[in-house]
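Only one structure is covered here, and it is reproduced in the block below.
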Amino acid sequence: MISMKRILLASTVAMLCAGTAHAADLTIGFSQIGSESGWRAAETSVSKIEAKKRGVDLKIADAQQKQENQIKAIRGFIAQGVDAIFIAPVVATGWDTVLAEAKEAKIPVILLDRTIETANDGLYLTAVTSDTVHEGKVAGEWLVKAVAGKDCKVVELQGTVGSSPAINRKKGFEDGIASASNIKITRSQTGDFTRSKGKEVMEGFLKAENGGKNICALYAHNDDMAVGAIQAIKEAGLKPGKDILVVSVDAVPDIFKAMAEGEANATVELTPNMAGPAFDALKAFKDSGKAPPKWIQTESKLYTQADDPKKVYEEKKGLGY
Amino acid sequence: MIRLNTAALTKAMPQLLSLMLILFLNYLAFPGFFEIRLQDGRLFGSLIDVFNRGAPVIILAIGMTAVIASRGVDLSVGAVMAVAGALAATMTVAGYPLPVVILAALGAGLACGLWNGILVAYFDLQPIVATLILMVAGRGIAQLITEGSIVTFTEPGLIFFGTGSFAGVPMPILIAASLLAVAIAVVRRTALGLLIESIGINRSASSYAGLNSKLLLLVIYGFCGLCASLAGIIIAADIRGADANNAGLWLELDAILAVVVGGTSLFGGRFSILMSALGAVIIQAMNTGILLSGFPPEYNLILKALVIIVILLAQSFSSLGGWAFLKGEFRSKGTKRQ
């Protein structure tokens with residue numbers, strides 16, 4: 001069993017070494033979760049692009065959604081003596097031992113996209129994540145401006161029940177519309193972050209709200225559900241984007257296609273560029289020795305139909321979403 | 001074709017009553033539940049939604065009934081749906097003509113089913129284990145085909161399978177109804193149904209009686225795979241895209257539940273495809289009702305579980321001759337039994 005593990009470790013290291021053909025300023029190991037979603041694939045490809053821009057040699061280890069693989073990969077990176085380690089942690093707990101090993105080897109660790117639970121936050125340098133509450137708030141504030149004081153009944157497509165982005169994006173949106181008494185959420189159901197459930201739930205909303213005539217806007221916790229819901233709105237004989245305003249979160253390419261066709265109104269970006277800010281923070285740390293703040297919040301940028309959605313679609317299309 | 005005699009009706013009573021009760025509750029939650037109108041030449045209403053959204057599970061349940069009647073189970077149907085949808089979408093995007101796309105997707109489903117059948121019939125793997133392999137691997141295959149992204153298409157021919165209609169009736173309903181009619185005719189107008197029941201009750205006895213049980217199992221699992229791929233095409237066409245991560249996710253459980261609610265035993269033997277389809281409609285009527293009711297989503301699964309428990313208990317009660325049993329108990333009260 002032990003020898004088996006050694007072989008695995010050695011082969012991981014060997015595989016990682018294979019990428020080091022050219023001399024680079026920095027060598028960074030990135031333990032990526034795996035291919036769980038289009039966004040994840042985009043994060044990986046954007047990380048590669050950002051690394052190339054800065055002349056960083058980025059070694060990516062795919063953990064196939066398993067923490068044990070991530071720990072193995074991190075140990076491999078430590079054995080190799082990389083300059084820094086990036087981790088997109090698949091779960092929140094169980095990192096203390098391996099991170100202590102990295103600290104002992106004096107290799108700084110930066111968390112990307114998700115944070116961990118640990119008693120000792122000195123184990124990592126910083127975490128680069130988006131603020132999902134803020135994302136919801138940006139969407140809500142857009143709607144307040146868009147309806148400009150008119151009465152507006154909103155239906156909400158939630159993410160998976162109990163998941164932190166669903167809880168936070170709901171809370172953020174409610175905060176965003178709190179000041180506007182003219183906006184009310186009349187129905188809220190989960191669409192499980194998927195297109196087909198988004199469509200099915202929207203069909204229900206449309207029927208329950210007088211064929212959709214009572215609905216003024218749709219807020220979806222992710223773009224995929226919005227894309228499904230847009231089809232349901234069309235099949236009900238209404239015009240998405242006009243009869244029912246559509247605002248969602250994530251900024252995946254397909255929502256830009258819908259925006260270009262006037263069927264969606266706005267989306268808040270969950271940027272796949274988590275590595276860029278991490279590289280910058282690391283460089284500043286290496287140069288000046290000054291530790292960055294424990295949390296680096298990425299920008300939650302709002303895109304509307306005015307932002308040339310066609311162009312953004314073309315830019316994002318190739319990122320592997 | 002389906003002779004409705006009183007005995008069959010009595011047997012179907014728990015399910016029919018459950019469906020009526022759920023539809024009535026839906027009506028209470030949303031008074032417009034039974035309203036149907038034409039929208040762009042297509043029937044439009046909550047009741048239509050029940051059948052339209054239920055169609056994929058009805059199709060899965062048709063194949064699953066045959067598998068369960070043979071004392072097996074197919075856990076891979078959800079993953080096979082994802083594979084078929086992924087293949088259909090990527091081939092459409094690559095520019096293949098519609099008939100080729102449909103045949104390839106159905107062929108992939110058939111191949112997956114035959115693979116399960118070979119493992120079960122010829123290698124004697126337990127069905128739950130044999131099909132678990134493809135349940136896990138199938139989604140991986142689908143992700144390989146789509147390269148992890150949602151492959152969207154705009155080809156009207158393929159989209160027609162999901163959102164088109166004929167004489168106002170949405171295509172998924174038509175496809176499910178046709179498949180249902182054909183499947184019932186084939187198993188009940190020929191000896192096939194009897195043979196499936198016999199290997200479900202006792203496979204070795206059936207083999208000794210001269211039945212080629214291996215070939216029959218292969219056909220059953222192949223058919224189940226074929227049904228799954230058909231359902232996969234429909235749901236991909238419905239959202240105009242193949243979502244390898246989520247297409248058909250957990251639907252194998254809904255299909256098994258539909259069969260069980262329909263009254264077919266997991267221990268194989270006697271089965272009814274029509275009742276399984278009714279089971280699928282009951283499940284979907286409940287889902288649609290929950291969506292219309294406006295309850296917070298945290299209650300979805302609890303409500304669903306409660307309704308299922310009540311249905312299954314009612315069923316078990318009635319099949320045990322529950323009323324007669326109760327009567328007997330009351331009568332025997334006071335008289336000491338030896």
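If you're wondering about the labels, chains in the structure tokens are A, B, ... by order shown, residues count from 1 in each chain, ligands from 1 in order shown.
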
**Message:** Let's see if you can do this: from backbone DSSP, list all alpha helix (DSSP H) residues in range 3-158 of chain A, as a PyMOL selection string.
**Reply:** chain A and resi 3-18+38-53+67-80+96-104+132-147

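Within range 66-289 of chain B, DSSP applied to the backbone places the following residues in strand (DSSP E): Val151, Thr152, Ser165, Phe166, Val169, Pro170, Gly241 and Ala242 of chain B.
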
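The space separating CA of Ser265 in chain B from CA of Pro127 in chain B comes to 15.3 Å.
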
**Spatial neighbours of Ala258 in chain A, 9 Å, only C-alpha atoms, chain gap at least 6 places, as an NGL selection string** = :A and (227 or 230 or 264-265 or 309)

Could you take the residues named above and write them with C-alpha atoms, as a PDB file, in the first residue's frame?
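Resulting contents of out_13.pdb:
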```pdb
ATOM      1  CA  VAL A 227     -31.551  30.630 -19.788  1.00  0.00           C
ATOM      2  CA  ILE A 230     -36.284  32.508 -20.768  1.00  0.00           C
ATOM      3  CA  ALA A 264     -32.062  38.965 -20.818  1.00  0.00           C
ATOM      4  CA  ASN A 265     -31.382  42.325 -19.173  1.00  0.00           C
ATOM      5  CA  PRO A 309     -23.018  41.570 -25.056  1.00  0.00           C
TER       6      PRO A 309
END
```

**Message:** as a ChimeraX atom specification, please: the residues near Ala177 in chain B (cut-off 10 Å, only C-alpha atoms, same-chain neighbours under 6 positions excluded).
**Reply:** /B:51,55,58-59,171,183,277

**Request:** Select all residues from chain A having any atom no more than 6 Å from an atom of chain B (counting only C-alpha atoms, ignoring ligands), output as a list in words.
**Result:** Gly38, Gln189, Thr190, Gly204, Ala208 and Tyr321 of chain A

Quick one: write out the picked residues with C-alpha atoms as a tab-separated table (two decimals), in the first residue's frame?
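Listing of again_7.tsv after writing:
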```tsv
chain	number	residue	atom	x	y	z
A	38	GLY	CA	-18.32	25.18	-17.05
A	189	GLN	CA	-38.45	28.27	-5.57
A	190	THR	CA	-35.31	26.28	-6.17
A	204	GLY	CA	-45.05	26.83	-12.71
A	208	ALA	CA	-49.54	30.57	-10.90
A	321	TYR	CA	-17.47	27.54	-20.01
```

**Item:** Residues near Pro89 in chain A, cut-off 7 Å, only C-alpha atoms, skip fewer than 2 positions along chain, as a PyMOL selection string
**Value:** chain A and resi 33+87+91-92+114

**Message:** Counting only C-alpha atoms, which residue out of A:Gln231, A:Ser163, A:Gln80, A:Gln65 sits closest to Ala237 in chain B?
**Reply:**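 Of A:Gln231, A:Ser163, A:Gln80, A:Gln65, the one nearest Ala237 in chain B is A:Gln231, counting only C-alpha atoms.
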
**Item:** Shell of 9 Å around range 308-316 of chain B, only C-alpha atoms, local chain residues under 2 positions omitted, as a PyMOL selection string
**Value:** chain B and resi 13-15+18+257+260-261+263+283+303-306+318-322

**Asked** Excluding same-chain residues fewer than 6 positions from Thr118 in chain A, what lies within 10 Å of it counting only C-alpha atoms, as a ChimeraX atom specification?
**Response** /A:92-96,124

With C-alpha atoms retained, write the just-selected residues as a PDB file, in the first residue's frame.
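Wrote it out as result-v3.pdb, contents follow:
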```pdb
ATOM      1  CA  ALA A  92     -13.913  23.366   3.841  1.00  0.00           C
ATOM      2  CA  THR A  93     -12.283  21.171   6.480  1.00  0.00           C
ATOM      3  CA  GLY A  94      -9.348  18.792   6.867  1.00  0.00           C
ATOM      4  CA  TRP A  95      -6.567  20.983   5.505  1.00  0.00           C
ATOM      5  CA  ASP A  96      -4.597  21.768   8.672  1.00  0.00           C
ATOM      6  CA  TYR A 124      -2.531  30.389   4.333  1.00  0.00           C
TER       7      TYR A 124
END
```

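Going from CA of Pro170 in chain B over to CA of Gly237 in chain A, you cover 15.3 Å.
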
**Request:** For each of B:Gly109, B:Thr146, B:Met286, B:Ala228, take the minimum atom-to-atom distance to Ser35 in chain A, counting only C-alpha atoms, then give the residue where this is smallest.
**Result:** B:Thr146

**Request:** Grab the CA of Ala102 in chain A to CA of Ile78 in chain A distance for me, in Å with one decimal place.
**Result:** 6.3 Å

**Prompt:** Which of these, A:Glu43, A:Asp308, A:Asp151, A:Glu156, has the shortest distance to Ser248 in chain A once you count only C-alpha atoms?
**Reply:**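 Ranked by minimum distance to Ser248 in chain A, first place goes to A:Glu156.
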
**Prompt:** Which of these residues is nearest to Ala285 in chain B, using only C-alpha atoms: B:Leu21, B:Cys112, B:Ile199, B:Ala7?
**Reply:**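 Under the stated criterion, the closest residue is B:Leu21.
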